[in-house]
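First up is the structure itself, then whatever we jot down about it.
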Amino acid sequence: MEDQETVIAGRIMSLRTHGKASFADLMDSSGRIQLYLRINTLGEEGYGLFQTLDIGDIIGVTGRVFKTRRGEISVEVKDLKLLSKSLRPLPEKWHGLKDVDLRYRQRYVDLIVNPEVRDVFIARSRIIQSLRNFLIERGFLEVETPMLNVIAGGANAKPFVTHHNALDMDLYLRIAPELYLKRLLVGGFERVFEIGKNFRNEGMSTKHNPEYTSCELYQAYADAEDMMRITEEIFAHVAKEVVGSTKITFQGEEIDLTPPWPRKPMLEAIKEYSGVDLSGLTDEEARRLAKEKGISVPAQASYGNVVEEFFDAFVEPNLIQPVFITDHPVEVSPLAKRKKDNPQLTDRFEPFIVTWEVANGFTELNDPIDQEQRFRKQMEQRDRGDEEAHMMDEDYIRALEYGMPPAGGLGIGIDRMVMLLTDSPSIRDVLLFPHMRPR
RNA sequence: GAGCCAUUAGCUCAGUCGGCAGAGCACCGGACUUUUAAUCCGGGUGUCCCGCGUUCGAAUCGCGGAUGGCUCACCA
């Protein structure tokens, strides 16, 4: 490159003027380069224009590449054009923009002055691309299903409500694409996936944003075990491609994503960490045990609710290295197939890493009669005031009545996956424009 | 939704006991033809988050509110 003529454009990030010669740093999306400007090469007029420039202005230059006395590759500018004027001063060059409120609200400024922020979003794009390629290579078809739903199904969550004027009816923003994707299995697509936003009308935290991205995939003639294998393969594959290794560091903790990950039934995990054996109890026995152990559960809590509470309290905080928790109670898994040898439990799994649930999968319930009963149970909970209980979806039942092939399904929380792989402690660090209360 | 903490110049931050509102960077003027957190000289650009109160006097104390962060609760 040395001694070659070049044409570049970018934003001025710093200025060092020395009278009749000056240095400037120019930044574009590929990085920074130093400019050297002399009155001898630019002429009175060109150098005069340069002297009116501010940090933040976007300019285009032509010039010759050379190495300075201190060995820095630079461009000696022969011609210079102001392309865009910056009217507002940029944050300080040394400390950058730290105020998190401003960083999120004015992400454009954050991206200009904090280069590591840009790197996170480049990584996010690569992670999603890597995941997409992985699935397409394995014969999965990428599809798009409705985000405006008459029934918000596929998860237990409070939906956002919106209104369709022409039809004069309320609609829900989807909380999960699950039921649509399984209709596609009925229709004959054997491997489908969708990457997209879900919307949940719930609290926000370092791990929750009202709109978030998931990847759901469904494979006919597969089961939960197949889905666990694909889960660990996805994480290993993406980590290798984006981070360069299946061993990653998260907030100082070494995490080994190398497959296979251990499998542990939920009841066994609870027994291991709390000493309590919850297997085979009635609702009432389970509630009594919860009270004994100081776990608060609603008076109406089912066996499954109690198990979940025990799990959250005793087990979850300990799950740092990847592990699949399996065999969730049927009451908290209304779309999963029951275990053949224990109808109280389902053939379901959730992988945990750094105490987060990073995905959720199971052998899909394809028995329309059992599914209808499960929906009815959910409706009862709804009637008792549980706003997050599943809605009845009669069309989904009808689809199952045509016959859905046995299948495995998996949903991955993309934001959490990106947090993990970019060592980001807050979901807001991996969302370009996280939800904020308006100012 | 609850608790704790924060909010001062465009940005990063000081501000003591209640007594004239401060620094660095950025910006403006001047010097300087290989610097790189350039240097040197001069210039402070402000709704001290908002409101009410206490006081001779409030950035500072009290009450109420706004916004944000963290923790907890709910969830993925």
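Chain labels run A, B, ... following the order of the structure tokens; each chain numbers its residues from 1, and ligands are numbered from 1 in the order shown.
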
Open item on the list: Could you tell me which residues of chain A sit within 7 Å of chain B when counting only C-alpha atoms (C1' of nucleotides), and give me the result as number ranges by chain?
Closed with: A: 16, 18-21, 23, 38, 68-69, 89, 91-92, 94-95, 97, 101, 203, 413

Task: Within 7 Å of segment 106-115 of chain A using only C-alpha atoms (C1' of nucleotides), minus same-chain residues under 5 positions, as a PyMOL selection string - done: chain A and resi 96-97+432-433

Open item on the list: Residues near Ala239 of chain A, anyone? I mean within 7 Å using only C-alpha atoms (C1' of nucleotides), not counting same-chain ones fewer than 6 positions away, as a list in words.
Closed with: Ser245, Thr246 and Leu421 of chain A

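Counting only C-alpha atoms (C1' of nucleotides), segment 330-334 of chain A has the following residues at most 6 Å away, ignoring those fewer than 4 positions along the same chain: A:Gly304, A:Gln344, A:Leu345, A:Thr346, A:Arg374.
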
Output file for the selection above: C-alpha atoms, as a PDB file, in the first residue's frame:
```
ATOM      1  CA  GLY A 304     -46.019 -29.164  38.800  1.00  0.00           C
ATOM      2  CA  GLN A 344     -47.074 -37.122  35.587  1.00  0.00           C
ATOM      3  CA  LEU A 345     -43.886 -36.009  33.761  1.00  0.00           C
ATOM      4  CA  THR A 346     -43.089 -34.996  30.195  1.00  0.00           C
ATOM      5  CA  ARG A 374     -54.321 -29.901  28.618  1.00  0.00           C
TER       6      ARG A 374
END
```

Open item on the list: Using DSSP secondary structure from the backbone, list all strand (DSSP E) positions within segment 273-339 of chain A, as a list of chain:residue names.
Closed with: A:Val323, A:Phe324, A:Ile325, A:Thr326, A:Arg338, A:Lys339

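Taking only C-alpha atoms (C1' of nucleotides), the non-local environment of segment 73-79 of chain A within 9 Å (same-chain residues fewer than 5 positions away omitted) comprises A:Glu2, A:Glu5, A:Thr6, A:Ile33, A:Gln34, A:Leu35, A:Tyr36, A:Leu37, A:Arg38, A:Thr41, A:Leu42, A:Gly43, A:Gly46, A:Gly60, A:Val61, A:Thr62, A:Gly63, A:Arg64, A:Val65, A:Phe66, A:Lys67, A:Thr68.
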
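Counting from atom CA of Glu142 of chain A, the distance to atom CA of Asn198 of chain A is 16.5 Å.
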
TODO: Would you kindly return, as an MDAnalysis selection string, each protein, DNA or RNA residue with an atom no farther than 7 Å from any atom of segment 170-186 of chain A, considering only C-alpha atoms (C1' of nucleotides) and excluding same-chain residues fewer than 2 positions away?
DONE: chainID A and resid 145 147:155 157 159:164 188:190 198:200 220 396 399 403:405

Kindly export the residues of the current selection with C-alpha atoms, as a PDB file, in the first residue's frame.
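Once written, again18.pdb looks like this:
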```pdb
ATOM      1  CA  THR A 145     -45.489 -17.102  10.700  1.00  0.00           C
ATOM      2  CA  MET A 147     -46.940 -11.976  14.638  1.00  0.00           C
ATOM      3  CA  LEU A 148     -50.498 -10.644  14.829  1.00  0.00           C
ATOM      4  CA  ASN A 149     -52.417 -13.451  16.500  1.00  0.00           C
ATOM      5  CA  VAL A 150     -56.086 -13.982  17.274  1.00  0.00           C
ATOM      6  CA  ILE A 151     -54.943 -16.387  19.984  1.00  0.00           C
ATOM      7  CA  ALA A 152     -51.590 -15.828  21.704  1.00  0.00           C
ATOM      8  CA  GLY A 153     -50.365 -19.374  22.172  1.00  0.00           C
ATOM      9  CA  GLY A 154     -47.261 -21.485  22.476  1.00  0.00           C
ATOM     10  CA  ALA A 155     -46.128 -20.175  25.850  1.00  0.00           C
ATOM     11  CA  ALA A 157     -47.068 -15.280  29.119  1.00  0.00           C
ATOM     12  CA  PRO A 159     -49.506 -10.795  25.566  1.00  0.00           C
ATOM     13  CA  PHE A 160     -49.609  -7.261  24.207  1.00  0.00           C
ATOM     14  CA  VAL A 161     -52.983  -6.324  22.737  1.00  0.00           C
ATOM     15  CA  THR A 162     -53.424  -4.261  19.585  1.00  0.00           C
ATOM     16  CA  HIS A 163     -56.362  -3.375  17.386  1.00  0.00           C
ATOM     17  CA  HIS A 164     -57.156  -4.079  13.753  1.00  0.00           C
ATOM     18  CA  GLY A 188     -45.996 -31.921   5.549  1.00  0.00           C
ATOM     19  CA  PHE A 189     -42.919 -29.772   6.123  1.00  0.00           C
ATOM     20  CA  GLU A 190     -40.675 -32.057   8.143  1.00  0.00           C
ATOM     21  CA  ASN A 198     -41.727 -12.505  20.460  1.00  0.00           C
ATOM     22  CA  PHE A 199     -43.540  -9.989  22.638  1.00  0.00           C
ATOM     23  CA  ARG A 200     -44.324 -10.486  26.296  1.00  0.00           C
ATOM     24  CA  ALA A 220     -40.607 -34.615  12.352  1.00  0.00           C
ATOM     25  CA  TYR A 396     -54.658 -26.127  16.590  1.00  0.00           C
ATOM     26  CA  ALA A 399     -54.778 -29.543  12.939  1.00  0.00           C
ATOM     27  CA  GLY A 403     -52.372 -36.168  12.341  1.00  0.00           C
ATOM     28  CA  MET A 404     -49.062 -34.555  13.229  1.00  0.00           C
ATOM     29  CA  PRO A 405     -45.995 -36.747  12.822  1.00  0.00           C
TER      30      PRO A 405
END
```

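Neighbours of G30 of chain B closer than or equal to 12 Å, with only C-alpha atoms (C1' of nucleotides) counted and sequence neighbours fewer than 2 positions away skipped, come out as Gly19 of chain A; C28, C32, C40, C41, G42 and G43 of chain B.
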
Mind dumping the selected residues with C-alpha atoms (C1' of nucleotides) as a PDB file, in the first residue's frame?
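Output file result_17.pdb is given in full below:
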```
ATOM      1  CA  GLY A  19       0.138  25.364  12.561  1.00  0.00           C
TER       2      GLY A  19
ATOM      3  C1'   C B  28     -13.702  29.723  20.391  1.00  0.00           C
ATOM      4  C1'   C B  32       3.663  25.935  16.295  1.00  0.00           C
ATOM      5  C1'   C B  40       2.034  26.458  25.062  1.00  0.00           C
ATOM      6  C1'   C B  41      -1.016  31.254  25.982  1.00  0.00           C
ATOM      7  C1'   G B  42      -6.070  33.317  26.563  1.00  0.00           C
ATOM      8  C1'   G B  43     -11.658  32.452  26.940  1.00  0.00           C
TER       9        G B  43
END
```

- [ ] Enumerate, as a ChimeraX atom specification, the complete set of residues in segment 333-378 of chain A that a backbone-based DSSP assignment places in helix (DSSP H, G or I).
- [x] /A:368-378

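Among A:Met228, A:Ala236, A:Ile412, A:Leu365, the residue with the shortest atom-to-atom distance to Phe324 of chain A, counting only C-alpha atoms, is A:Met228.
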
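You will find atom C1' of U8 of chain B at 29.3 Å from atom CA of Pro425 of chain A.
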
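Relative to atom CA of Val120 of chain A, atom CA of Ile234 of chain A is found at 19.4 Å.
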